[in-house]
Structures are given as structure tokens and as C-alpha cells.
There are 2 protein chains.
Amino acid sequence: MKKSVFYHAGCSVCVNAENEIVDLLGQENVEVVHLGEEKSRIPEAEGLDIKSVPALITPSGGVLHINFGASMEDLKA
Amino acid sequence: MKKSVFYHAGCSVCVNAENEIVDLLGQENVEVVHLGEEKSRIPEAEGLDIKSVPALITPSGGVLHINFGASMEDLKA
């Protein structure tokens with residue numbers, strides 16, 4: 001199975017969602033990207049139509065915005 | 001595995017999210033509840049801290065609000 005990618009920014013909302021998603025999908029099926037630590041990947045996330053974090057990109061390319069931690073604009077500040 | 005429960009209201013945002021979630025978790029692992037058709041279950045959803053649909057309740061009881069279709073208040077209208 002192609003991996004899902006979970007983008008987050010380390011906030012508490014993000015970490016809670018990450019735990020739930022990893023539990024649901026299995027650690028081996030999710031790549032976790034911390035945009036606060038890897039700001040160079042913000043353009044990649046925006047290119048995938050991510051508007052806020054946490055967000056999950058499914059193997060089919062769908063965007064699931066999960067709860068609300070921070071907007072992409074907040075991450076660039 | 002205990003099932004996850006996906007609450008939605010039939011809107012296009014809900015249906016897209018439902019397809020993604022069912023793909024990710026497998027049909028057999030998700031109970032789907034259409035709150036527009038089963039309004040009697042709205043109090044159950046509110047009791048689980050669901051504020052808007054679509055939303056997923058994980059087997060551990062966590063609430064994941066996924067994208068945004070409609071608020072619970074909208075469903076009662």
C-alpha cells in the first residue's frame with residue numbers, strides 16, 4: 001500500500017491527531033512530516049492543497065484536514 | 001478491532017471524506033451513520049463531542065473532525 005502522509009506542526013491538536021491516525025492506520029503506513037521543523041516542505045504541503053494542519057494526504061491523493069491546529073499562514077510566520 | 005464510527009450528513013464534503021476513510025480503514029472497520037437520515041442519533045453524536053460533520057470517532061474514543069461539511073446546529077435546523 002502506498003503510504004499516507006500526515007503533516008503537522010507539533011501543536012497539541014496535531015499530536016493528538018497524529019496518535020489517533022497512527023493507531024488507526026499503523027505506523028508503517030504513515031509518513032509523518034513536522035512542518036515546524038521542516039519549513040522547506042511547506043511549499044510541498046501547499047501544493048497538495050493543504051490549508052491547515054494537522055492534515056492527512058491519503059494514498060489516492062485526497063486531503064483530509066483533521067481538527068484544526070494552525071493555518072499554513074501561521075506556519076510561515 | 002473495535003470499529004470506528006463515521007458520522008456525516010450526506011453533503012459532498014461528507015461523501016468525499018467517507019470514501020477516503022473507508023478506503024483507508026476498510027469498509028468492515030467503519031460504521032457509517034448518516035445524521036441527516038437518522039436525526040435521532042444527533043444527541044449521541046453531540047455526546048461524543050462532535051461539533052461538525054464529517055467526523056470520525058476512533059476505537060479509542062477520540063474525535064477527528066475531518067474537513068468541514070456542516071455544524072451540528074445546521075443538522076438540527
# chains A, B, ... in the order shown; residues from 1 in each chain; ligands from 1
call {"tool": "residues_around", "arguments": {"residues": "Met72 in chain B", "least_positions_apart": "3", "cutoff": "10 Å", "atoms": "only C-alpha atoms", "output": "PyMOL selection string"}}
result
chain B and resi 9+35+42-43+45-46+50-53+69+75-77
call {"tool": "write_last_selection", "arguments": {"atoms": "all heavy atoms", "output": "compact mmCIF listing (two decimals), in the first residue's frame"}}
result
# COMPACT_ATOMS: atom_id res chain seq x y z
N ALA B 9 -23.51 13.79 6.98
CA ALA B 9 -24.86 14.28 6.71
C ALA B 9 -25.16 14.29 5.22
O ALA B 9 -26.03 15.02 4.76
CB ALA B 9 -25.03 15.69 7.29
N LEU B 35 -26.46 11.31 9.74
CA LEU B 35 -27.27 12.04 10.73
C LEU B 35 -28.42 12.79 10.09
O LEU B 35 -29.38 13.15 10.78
CB LEU B 35 -26.39 13.00 11.52
CG LEU B 35 -25.40 12.34 12.49
CD1 LEU B 35 -24.52 13.41 13.13
CD2 LEU B 35 -26.12 11.54 13.57
N ILE B 42 -28.48 12.32 16.61
CA ILE B 42 -27.73 13.57 16.81
C ILE B 42 -27.29 13.73 18.27
O ILE B 42 -26.13 14.09 18.53
CB ILE B 42 -28.55 14.79 16.31
CG1 ILE B 42 -28.64 14.74 14.77
CG2 ILE B 42 -27.91 16.11 16.75
CD1 ILE B 42 -29.48 15.84 14.14
N PRO B 43 -28.16 13.44 19.25
CA PRO B 43 -27.70 13.58 20.65
C PRO B 43 -26.52 12.66 20.96
O PRO B 43 -25.61 13.04 21.70
CB PRO B 43 -28.94 13.20 21.47
CG PRO B 43 -30.10 13.45 20.56
CD PRO B 43 -29.61 13.13 19.17
N ALA B 45 -24.20 11.77 18.87
CA ALA B 45 -23.00 12.40 18.27
C ALA B 45 -22.53 13.57 19.12
O ALA B 45 -21.34 13.74 19.38
CB ALA B 45 -23.30 12.85 16.84
N GLU B 46 -23.49 14.37 19.60
CA GLU B 46 -23.11 15.51 20.44
C GLU B 46 -22.48 15.04 21.74
O GLU B 46 -21.54 15.66 22.26
CB GLU B 46 -24.33 16.39 20.73
CG GLU B 46 -24.78 17.15 19.50
CD GLU B 46 -25.90 18.13 19.81
OE1 GLU B 46 -26.90 17.71 20.47
OE2 GLU B 46 -25.80 19.29 19.40
N ILE B 50 -18.84 15.68 19.10
CA ILE B 50 -18.79 16.05 17.69
C ILE B 50 -19.42 17.43 17.51
O ILE B 50 -20.53 17.67 17.97
CB ILE B 50 -19.52 14.99 16.83
CG1 ILE B 50 -18.71 13.69 16.84
CG2 ILE B 50 -19.73 15.50 15.41
CD1 ILE B 50 -19.36 12.55 16.09
N LYS B 51 -18.67 18.32 16.89
CA LYS B 51 -19.13 19.71 16.69
C LYS B 51 -19.60 19.94 15.27
O LYS B 51 -20.35 20.87 14.99
CB LYS B 51 -17.99 20.70 16.97
CG LYS B 51 -17.27 20.50 18.29
CD LYS B 51 -18.16 20.77 19.47
CE LYS B 51 -17.38 20.69 20.80
NZ LYS B 51 -18.30 20.43 21.93
N SER B 52 -19.08 19.13 14.33
CA SER B 52 -19.45 19.29 12.93
C SER B 52 -19.26 17.95 12.23
O SER B 52 -18.61 17.03 12.77
CB SER B 52 -18.57 20.37 12.26
OG SER B 52 -17.21 19.97 12.28
N VAL B 53 -19.84 17.83 11.05
CA VAL B 53 -19.64 16.64 10.25
C VAL B 53 -18.94 17.03 8.96
O VAL B 53 -19.06 18.16 8.52
CB VAL B 53 -20.99 15.95 9.92
CG1 VAL B 53 -21.57 15.30 11.14
CG2 VAL B 53 -21.98 16.91 9.27
N GLY B 69 -18.18 19.99 6.69
CA GLY B 69 -19.39 19.93 5.88
C GLY B 69 -20.49 20.77 6.46
O GLY B 69 -21.02 21.68 5.81
N LEU B 75 -27.56 20.72 11.36
CA LEU B 75 -28.29 19.46 11.19
C LEU B 75 -29.62 19.46 11.91
O LEU B 75 -30.55 18.76 11.52
CB LEU B 75 -27.45 18.28 11.71
CG LEU B 75 -26.16 18.01 10.95
CD1 LEU B 75 -25.52 16.73 11.46
CD2 LEU B 75 -26.43 17.89 9.46
N LYS B 76 -29.69 20.24 12.98
CA LYS B 76 -30.94 20.28 13.75
C LYS B 76 -31.97 21.19 13.11
O LYS B 76 -33.14 21.14 13.46
CB LYS B 76 -30.63 20.75 15.18
CG LYS B 76 -29.85 19.72 15.98
CD LYS B 76 -29.75 20.14 17.43
CE LYS B 76 -28.32 20.40 17.81
NZ LYS B 76 -28.15 20.82 19.21
N ALA B 77 -31.50 22.04 12.21
CA ALA B 77 -32.41 23.05 11.62
C ALA B 77 -33.45 22.38 10.73
O ALA B 77 -33.24 21.29 10.22
CB ALA B 77 -31.60 24.07 10.85
call {"tool": "interface_residues", "arguments": {"of": "chain B", "to": "chain A", "cutoff": "8 Å", "atoms": "only C-alpha atoms", "output": "list of chain:residue names"}}
result
B:Ala17, B:Glu20, B:Leu24, B:Leu25, B:Thr58, B:Gly62, B:Leu64, B:His65, B:Ile66, B:Asn67
call {"tool": "atom_distance", "arguments": {"atom1": "CA of Gln27 in chain B", "atom2": "CA of Val15 in chain B"}}
result
14.0 Å
call {"tool": "select_by_dssp", "arguments": {"residues": "range 8-75 of chain A", "states": "strand (DSSP E)", "output": "JSON, numbers by chain"}}
result
{"A": [8, 30, 31, 32, 33, 34, 52, 53, 54, 55, 56, 57, 63, 64, 65, 66, 67, 68, 69, 70, 71]}
call {"tool": "write_last_selection", "arguments": {"atoms": "N, CA and C atoms", "output": "PDB file, in the first residue's frame"}}
result
ATOM      1  N   HIS A   8       2.034  17.979  10.111  1.00  0.00           N
ATOM      2  CA  HIS A   8       1.622  18.651  11.344  1.00  0.00           C
ATOM      3  C   HIS A   8       2.667  19.686  11.746  1.00  0.00           C
ATOM      4  N   VAL A  30       2.161   5.338   7.541  1.00  0.00           N
ATOM      5  CA  VAL A  30       2.057   6.800   7.596  1.00  0.00           C
ATOM      6  C   VAL A  30       3.450   7.424   7.674  1.00  0.00           C
ATOM      7  N   GLU A  31       3.725   8.330   6.764  1.00  0.00           N
ATOM      8  CA  GLU A  31       4.915   9.172   6.900  1.00  0.00           C
ATOM      9  C   GLU A  31       4.489  10.432   7.644  1.00  0.00           C
ATOM     10  N   VAL A  32       5.220  10.803   8.675  1.00  0.00           N
ATOM     11  CA  VAL A  32       4.875  11.982   9.458  1.00  0.00           C
ATOM     12  C   VAL A  32       5.854  13.103   9.123  1.00  0.00           C
ATOM     13  N   VAL A  33       5.310  14.262   8.756  1.00  0.00           N
ATOM     14  CA  VAL A  33       6.139  15.419   8.406  1.00  0.00           C
ATOM     15  C   VAL A  33       5.825  16.563   9.367  1.00  0.00           C
ATOM     16  N   HIS A  34       6.841  17.032  10.074  1.00  0.00           N
ATOM     17  CA  HIS A  34       6.686  18.136  11.028  1.00  0.00           C
ATOM     18  C   HIS A  34       7.087  19.427  10.300  1.00  0.00           C
ATOM     19  N   SER A  52      -4.422  23.875   6.338  1.00  0.00           N
ATOM     20  CA  SER A  52      -4.135  23.952   7.769  1.00  0.00           C
ATOM     21  C   SER A  52      -3.596  22.605   8.216  1.00  0.00           C
ATOM     22  N   VAL A  53      -2.961  22.605   9.376  1.00  0.00           N
ATOM     23  CA  VAL A  53      -2.500  21.348   9.961  1.00  0.00           C
ATOM     24  C   VAL A  53      -3.256  21.089  11.257  1.00  0.00           C
ATOM     25  N   PRO A  54      -3.376  19.849  11.694  1.00  0.00           N
ATOM     26  CA  PRO A  54      -2.896  18.651  11.024  1.00  0.00           C
ATOM     27  C   PRO A  54      -3.733  18.290   9.791  1.00  0.00           C
ATOM     28  N   ALA A  55      -3.070  17.640   8.843  1.00  0.00           N
ATOM     29  CA  ALA A  55      -3.762  17.190   7.641  1.00  0.00           C
ATOM     30  C   ALA A  55      -3.141  15.876   7.173  1.00  0.00           C
ATOM     31  N   LEU A  56      -3.994  15.060   6.579  1.00  0.00           N
ATOM     32  CA  LEU A  56      -3.538  13.771   6.069  1.00  0.00           C
ATOM     33  C   LEU A  56      -3.752  13.718   4.567  1.00  0.00           C
ATOM     34  N   ILE A  57      -2.691  13.359   3.847  1.00  0.00           N
ATOM     35  CA  ILE A  57      -2.831  13.085   2.413  1.00  0.00           C
ATOM     36  C   ILE A  57      -2.968  11.574   2.266  1.00  0.00           C
ATOM     37  N   VAL A  63      -7.078  15.105   0.365  1.00  0.00           N
ATOM     38  CA  VAL A  63      -6.646  15.882   1.532  1.00  0.00           C
ATOM     39  C   VAL A  63      -7.705  15.788   2.606  1.00  0.00           C
ATOM     40  N   LEU A  64      -7.315  15.326   3.770  1.00  0.00           N
ATOM     41  CA  LEU A  64      -8.222  15.343   4.921  1.00  0.00           C
ATOM     42  C   LEU A  64      -7.651  16.300   5.957  1.00  0.00           C
ATOM     43  N   HIS A  65      -8.322  17.450   6.138  1.00  0.00           N
ATOM     44  CA  HIS A  65      -7.944  18.358   7.219  1.00  0.00           C
ATOM     45  C   HIS A  65      -8.579  17.816   8.490  1.00  0.00           C
ATOM     46  N   ILE A  66      -7.777  17.523   9.480  1.00  0.00           N
ATOM     47  CA  ILE A  66      -8.259  16.833  10.679  1.00  0.00           C
ATOM     48  C   ILE A  66      -8.175  17.778  11.864  1.00  0.00           C
ATOM     49  N   ASN A  67      -9.337  18.069  12.457  1.00  0.00           N
ATOM     50  CA  ASN A  67      -9.400  19.059  13.530  1.00  0.00           C
ATOM     51  C   ASN A  67      -8.702  20.333  13.023  1.00  0.00           C
ATOM     52  N   PHE A  68      -8.277  21.195  13.919  1.00  0.00           N
ATOM     53  CA  PHE A  68      -7.604  22.410  13.440  1.00  0.00           C
ATOM     54  C   PHE A  68      -6.528  22.819  14.431  1.00  0.00           C
ATOM     55  N   GLY A  69      -5.305  22.851  13.963  1.00  0.00           N
ATOM     56  CA  GLY A  69      -4.199  23.269  14.817  1.00  0.00           C
ATOM     57  C   GLY A  69      -3.699  24.642  14.436  1.00  0.00           C
ATOM     58  N   ALA A  70      -3.317  24.797  13.174  1.00  0.00           N
ATOM     59  CA  ALA A  70      -2.752  26.066  12.710  1.00  0.00           C
ATOM     60  C   ALA A  70      -2.938  26.159  11.206  1.00  0.00           C
ATOM     61  N   SER A  71      -3.066  27.388  10.715  1.00  0.00           N
ATOM     62  CA  SER A  71      -3.162  27.584   9.273  1.00  0.00           C
ATOM     63  C   SER A  71      -1.762  27.556   8.664  1.00  0.00           C
TER      64      SER A  71
END
call {"tool": "select_by_dssp", "arguments": {"residues": "chain B", "states": "alpha helix (DSSP H)", "output": "mmCIF file with all heavy atoms, in the first residue's frame"}}
result
data_model
loop_
_atom_site.group_PDB
_atom_site.id
_atom_site.type_symbol
_atom_site.label_atom_id
_atom_site.label_comp_id
_atom_site.auth_asym_id
_atom_site.auth_seq_id
_atom_site.Cartn_x
_atom_site.Cartn_y
_atom_site.Cartn_z
ATOM 1 N N SER B 12 -21.553 16.857 -0.008
ATOM 2 C CA SER B 12 -20.478 16.387 -0.888
ATOM 3 C C SER B 12 -19.157 16.283 -0.139
ATOM 4 O O SER B 12 -18.378 15.357 -0.372
ATOM 5 C CB SER B 12 -20.349 17.291 -2.110
ATOM 6 O OG SER B 12 -19.988 18.588 -1.716
ATOM 7 N N VAL B 13 -18.901 17.234 0.773
ATOM 8 C CA VAL B 13 -17.681 17.141 1.592
ATOM 9 C C VAL B 13 -17.689 15.845 2.398
ATOM 10 O O VAL B 13 -16.675 15.154 2.528
ATOM 11 C CB VAL B 13 -17.582 18.357 2.555
ATOM 12 C CG1 VAL B 13 -16.475 18.152 3.573
ATOM 13 C CG2 VAL B 13 -17.333 19.632 1.768
ATOM 14 N N CYS B 14 -18.904 15.516 2.925
ATOM 15 C CA CYS B 14 -19.026 14.290 3.734
ATOM 16 C C CYS B 14 -18.757 13.044 2.907
ATOM 17 O O CYS B 14 -18.070 12.125 3.351
ATOM 18 C CB CYS B 14 -20.444 14.163 4.295
ATOM 19 S SG CYS B 14 -20.891 15.443 5.472
ATOM 20 N N VAL B 15 -19.324 13.006 1.717
ATOM 21 C CA VAL B 15 -19.211 11.810 0.880
ATOM 22 C C VAL B 15 -17.766 11.606 0.431
ATOM 23 O O VAL B 15 -17.238 10.497 0.467
ATOM 24 C CB VAL B 15 -20.170 11.908 -0.327
ATOM 25 C CG1 VAL B 15 -19.906 10.785 -1.317
ATOM 26 C CG2 VAL B 15 -21.612 11.866 0.162
ATOM 27 N N ASN B 16 -17.100 12.700 0.065
ATOM 28 C CA ASN B 16 -15.683 12.586 -0.291
ATOM 29 C C ASN B 16 -14.868 12.047 0.873
ATOM 30 O O ASN B 16 -14.042 11.149 0.708
ATOM 31 C CB ASN B 16 -15.121 13.954 -0.699
ATOM 32 C CG ASN B 16 -15.597 14.375 -2.073
ATOM 33 O OD1 ASN B 16 -15.997 13.535 -2.871
ATOM 34 N ND2 ASN B 16 -15.555 15.667 -2.340
ATOM 35 N N ALA B 17 -15.102 12.602 2.058
ATOM 36 C CA ALA B 17 -14.343 12.163 3.235
ATOM 37 C C ALA B 17 -14.674 10.708 3.556
ATOM 38 O O ALA B 17 -13.794 9.920 3.919
ATOM 39 C CB ALA B 17 -14.655 13.066 4.420
ATOM 40 N N GLU B 18 -15.938 10.347 3.401
ATOM 41 C CA GLU B 18 -16.340 8.958 3.676
ATOM 42 C C GLU B 18 -15.580 7.997 2.760
ATOM 43 O O GLU B 18 -15.063 6.977 3.214
ATOM 44 C CB GLU B 18 -17.848 8.788 3.469
ATOM 45 C CG GLU B 18 -18.317 7.360 3.713
ATOM 46 C CD GLU B 18 -19.790 7.158 3.384
ATOM 47 O OE1 GLU B 18 -20.522 8.162 3.280
ATOM 48 O OE2 GLU B 18 -20.209 5.992 3.230
ATOM 49 N N ASN B 19 -15.504 8.337 1.488
ATOM 50 C CA ASN B 19 -14.795 7.461 0.556
ATOM 51 C C ASN B 19 -13.330 7.299 0.959
ATOM 52 O O ASN B 19 -12.784 6.190 0.923
ATOM 53 C CB ASN B 19 -14.889 8.018 -0.871
ATOM 54 C CG ASN B 19 -16.295 7.907 -1.427
ATOM 55 O OD1 ASN B 19 -17.095 7.101 -0.943
ATOM 56 N ND2 ASN B 19 -16.607 8.716 -2.417
ATOM 57 N N GLU B 20 -12.699 8.400 1.344
ATOM 58 C CA GLU B 20 -11.292 8.335 1.737
ATOM 59 C C GLU B 20 -11.114 7.476 2.991
ATOM 60 O O GLU B 20 -10.199 6.652 3.077
ATOM 61 C CB GLU B 20 -10.743 9.749 2.016
ATOM 62 C CG GLU B 20 -10.762 10.680 0.822
ATOM 63 C CD GLU B 20 -9.657 10.390 -0.198
ATOM 64 O OE1 GLU B 20 -8.876 9.458 0.023
ATOM 65 O OE2 GLU B 20 -9.593 11.109 -1.212
ATOM 66 N N ILE B 21 -12.001 7.701 3.959
ATOM 67 C CA ILE B 21 -11.863 6.984 5.238
ATOM 68 C C ILE B 21 -12.137 5.492 5.056
ATOM 69 O O ILE B 21 -11.422 4.640 5.607
ATOM 70 C CB ILE B 21 -12.836 7.589 6.285
ATOM 71 C CG1 ILE B 21 -12.360 8.990 6.689
ATOM 72 C CG2 ILE B 21 -12.975 6.682 7.512
ATOM 73 C CD1 ILE B 21 -11.062 9.024 7.463
ATOM 74 N N VAL B 22 -13.145 5.162 4.273
ATOM 75 C CA VAL B 22 -13.457 3.745 4.034
ATOM 76 C C VAL B 22 -12.301 3.082 3.279
ATOM 77 O O VAL B 22 -11.907 1.956 3.589
ATOM 78 C CB VAL B 22 -14.795 3.602 3.295
ATOM 79 C CG1 VAL B 22 -14.982 2.185 2.765
ATOM 80 C CG2 VAL B 22 -15.945 3.966 4.234
ATOM 81 N N ASP B 23 -11.723 3.803 2.321
ATOM 82 C CA ASP B 23 -10.546 3.275 1.617
ATOM 83 C C ASP B 23 -9.395 3.014 2.584
ATOM 84 O O ASP B 23 -8.705 2.001 2.506
ATOM 85 C CB ASP B 23 -10.037 4.276 0.566
ATOM 86 C CG ASP B 23 -10.763 4.122 -0.769
ATOM 87 O OD1 ASP B 23 -11.595 3.206 -0.883
ATOM 88 O OD2 ASP B 23 -10.495 4.917 -1.672
ATOM 89 N N LEU B 24 -9.178 3.971 3.494
ATOM 90 C CA LEU B 24 -8.033 3.870 4.403
ATOM 91 C C LEU B 24 -8.214 2.762 5.429
ATOM 92 O O LEU B 24 -7.283 2.023 5.737
ATOM 93 C CB LEU B 24 -7.840 5.192 5.162
ATOM 94 C CG LEU B 24 -7.139 6.323 4.431
ATOM 95 C CD1 LEU B 24 -7.199 7.596 5.270
ATOM 96 C CD2 LEU B 24 -5.676 5.965 4.177
ATOM 97 N N LEU B 25 -9.417 2.679 5.986
ATOM 98 C CA LEU B 25 -9.610 1.789 7.139
ATOM 99 C C LEU B 25 -10.223 0.447 6.751
ATOM 100 O O LEU B 25 -10.107 -0.517 7.503
ATOM 101 C CB LEU B 25 -10.515 2.463 8.182
ATOM 102 C CG LEU B 25 -10.056 3.829 8.689
ATOM 103 C CD1 LEU B 25 -10.988 4.317 9.789
ATOM 104 C CD2 LEU B 25 -8.625 3.760 9.216
ATOM 105 N N ILE B 42 -28.476 12.321 16.610
ATOM 106 C CA ILE B 42 -27.732 13.572 16.810
ATOM 107 C C ILE B 42 -27.293 13.734 18.270
ATOM 108 O O ILE B 42 -26.129 14.092 18.527
ATOM 109 C CB ILE B 42 -28.551 14.788 16.307
ATOM 110 C CG1 ILE B 42 -28.640 14.738 14.765
ATOM 111 C CG2 ILE B 42 -27.910 16.106 16.753
ATOM 112 C CD1 ILE B 42 -29.479 15.844 14.144
ATOM 113 N N PRO B 43 -28.165 13.443 19.250
ATOM 114 C CA PRO B 43 -27.705 13.582 20.647
ATOM 115 C C PRO B 43 -26.519 12.664 20.959
ATOM 116 O O PRO B 43 -25.606 13.041 21.702
ATOM 117 C CB PRO B 43 -28.937 13.197 21.467
ATOM 118 C CG PRO B 43 -30.099 13.453 20.558
ATOM 119 C CD PRO B 43 -29.608 13.132 19.173
ATOM 120 N N GLU B 44 -26.535 11.464 20.397
ATOM 121 C CA GLU B 44 -25.402 10.535 20.576
ATOM 122 C C GLU B 44 -24.110 11.174 20.056
ATOM 123 O O GLU B 44 -23.078 11.146 20.731
ATOM 124 C CB GLU B 44 -25.718 9.246 19.807
ATOM 125 C CG GLU B 44 -24.552 8.310 19.544
ATOM 126 C CD GLU B 44 -24.924 7.250 18.475
ATOM 127 O OE1 GLU B 44 -26.057 6.736 18.501
ATOM 128 O OE2 GLU B 44 -24.066 6.961 17.606
ATOM 129 N N ALA B 45 -24.196 11.771 18.865
ATOM 130 C CA ALA B 45 -23.003 12.395 18.273
ATOM 131 C C ALA B 45 -22.532 13.574 19.125
ATOM 132 O O ALA B 45 -21.340 13.736 19.376
ATOM 133 C CB ALA B 45 -23.301 12.851 16.842
ATOM 134 N N GLU B 46 -23.488 14.374 19.599
ATOM 135 C CA GLU B 46 -23.111 15.511 20.438
ATOM 136 C C GLU B 46 -22.477 15.041 21.743
ATOM 137 O O GLU B 46 -21.542 15.663 22.256
ATOM 138 C CB GLU B 46 -24.332 16.385 20.725
ATOM 139 C CG GLU B 46 -24.782 17.149 19.496
ATOM 140 C CD GLU B 46 -25.904 18.126 19.808
ATOM 141 O OE1 GLU B 46 -26.898 17.707 20.467
ATOM 142 O OE2 GLU B 46 -25.805 19.292 19.395
ATOM 143 N N GLY B 47 -22.977 13.927 22.263
ATOM 144 C CA GLY B 47 -22.423 13.376 23.497
ATOM 145 C C GLY B 47 -20.983 12.910 23.322
ATOM 146 O O GLY B 47 -20.221 12.807 24.282
ATOM 147 N N MET B 72 -23.257 20.859 13.786
ATOM 148 C CA MET B 72 -24.355 20.102 14.391
ATOM 149 C C MET B 72 -25.619 20.963 14.449
ATOM 150 O O MET B 72 -26.724 20.471 14.277
ATOM 151 C CB MET B 72 -23.964 19.622 15.794
ATOM 152 C CG MET B 72 -22.827 18.612 15.801
ATOM 153 S SD MET B 72 -23.141 17.123 14.804
ATOM 154 C CE MET B 72 -24.286 16.272 15.878
ATOM 155 N N GLU B 73 -25.429 22.255 14.661
ATOM 156 C CA GLU B 73 -26.596 23.151 14.700
ATOM 157 C C GLU B 73 -27.329 23.138 13.357
ATOM 158 O O GLU B 73 -28.555 23.132 13.304
ATOM 159 C CB GLU B 73 -26.164 24.577 15.064
ATOM 160 C CG GLU B 73 -25.652 24.742 16.477
ATOM 161 C CD GLU B 73 -26.626 24.182 17.530
ATOM 162 O OE1 GLU B 73 -27.823 24.483 17.443
ATOM 163 O OE2 GLU B 73 -26.172 23.427 18.408
ATOM 164 N N ASP B 74 -26.546 23.128 12.270
ATOM 165 C CA ASP B 74 -27.157 23.076 10.935
ATOM 166 C C ASP B 74 -28.018 21.827 10.777
ATOM 167 O O ASP B 74 -29.081 21.855 10.150
ATOM 168 C CB ASP B 74 -26.073 23.048 9.838
ATOM 169 C CG ASP B 74 -25.300 24.352 9.747
ATOM 170 O OD1 ASP B 74 -25.839 25.390 10.160
ATOM 171 O OD2 ASP B 74 -24.157 24.319 9.273
ATOM 172 N N LEU B 75 -27.564 20.719 11.356
ATOM 173 C CA LEU B 75 -28.290 19.456 11.188
ATOM 174 C C LEU B 75 -29.625 19.461 11.911
ATOM 175 O O LEU B 75 -30.547 18.765 11.518
ATOM 176 C CB LEU B 75 -27.452 18.281 11.709
ATOM 177 C CG LEU B 75 -26.159 18.008 10.949
ATOM 178 C CD1 LEU B 75 -25.515 16.733 11.464
ATOM 179 C CD2 LEU B 75 -26.425 17.890 9.464
ATOM 180 N N LYS B 76 -29.690 20.245 12.979
ATOM 181 C CA LYS B 76 -30.936 20.276 13.754
ATOM 182 C C LYS B 76 -31.970 21.189 13.115
ATOM 183 O O LYS B 76 -33.138 21.135 13.459
ATOM 184 C CB LYS B 76 -30.635 20.753 15.183
ATOM 185 C CG LYS B 76 -29.847 19.719 15.982
ATOM 186 C CD LYS B 76 -29.753 20.137 17.434
ATOM 187 C CE LYS B 76 -28.320 20.397 17.814
ATOM 188 N NZ LYS B 76 -28.154 20.817 19.210
#
call {"tool": "atom_distance", "arguments": {"atom1": "CA of Ser40 in chain A", "atom2": "CA of Glu28 in chain A"}}
result
23.8 Å
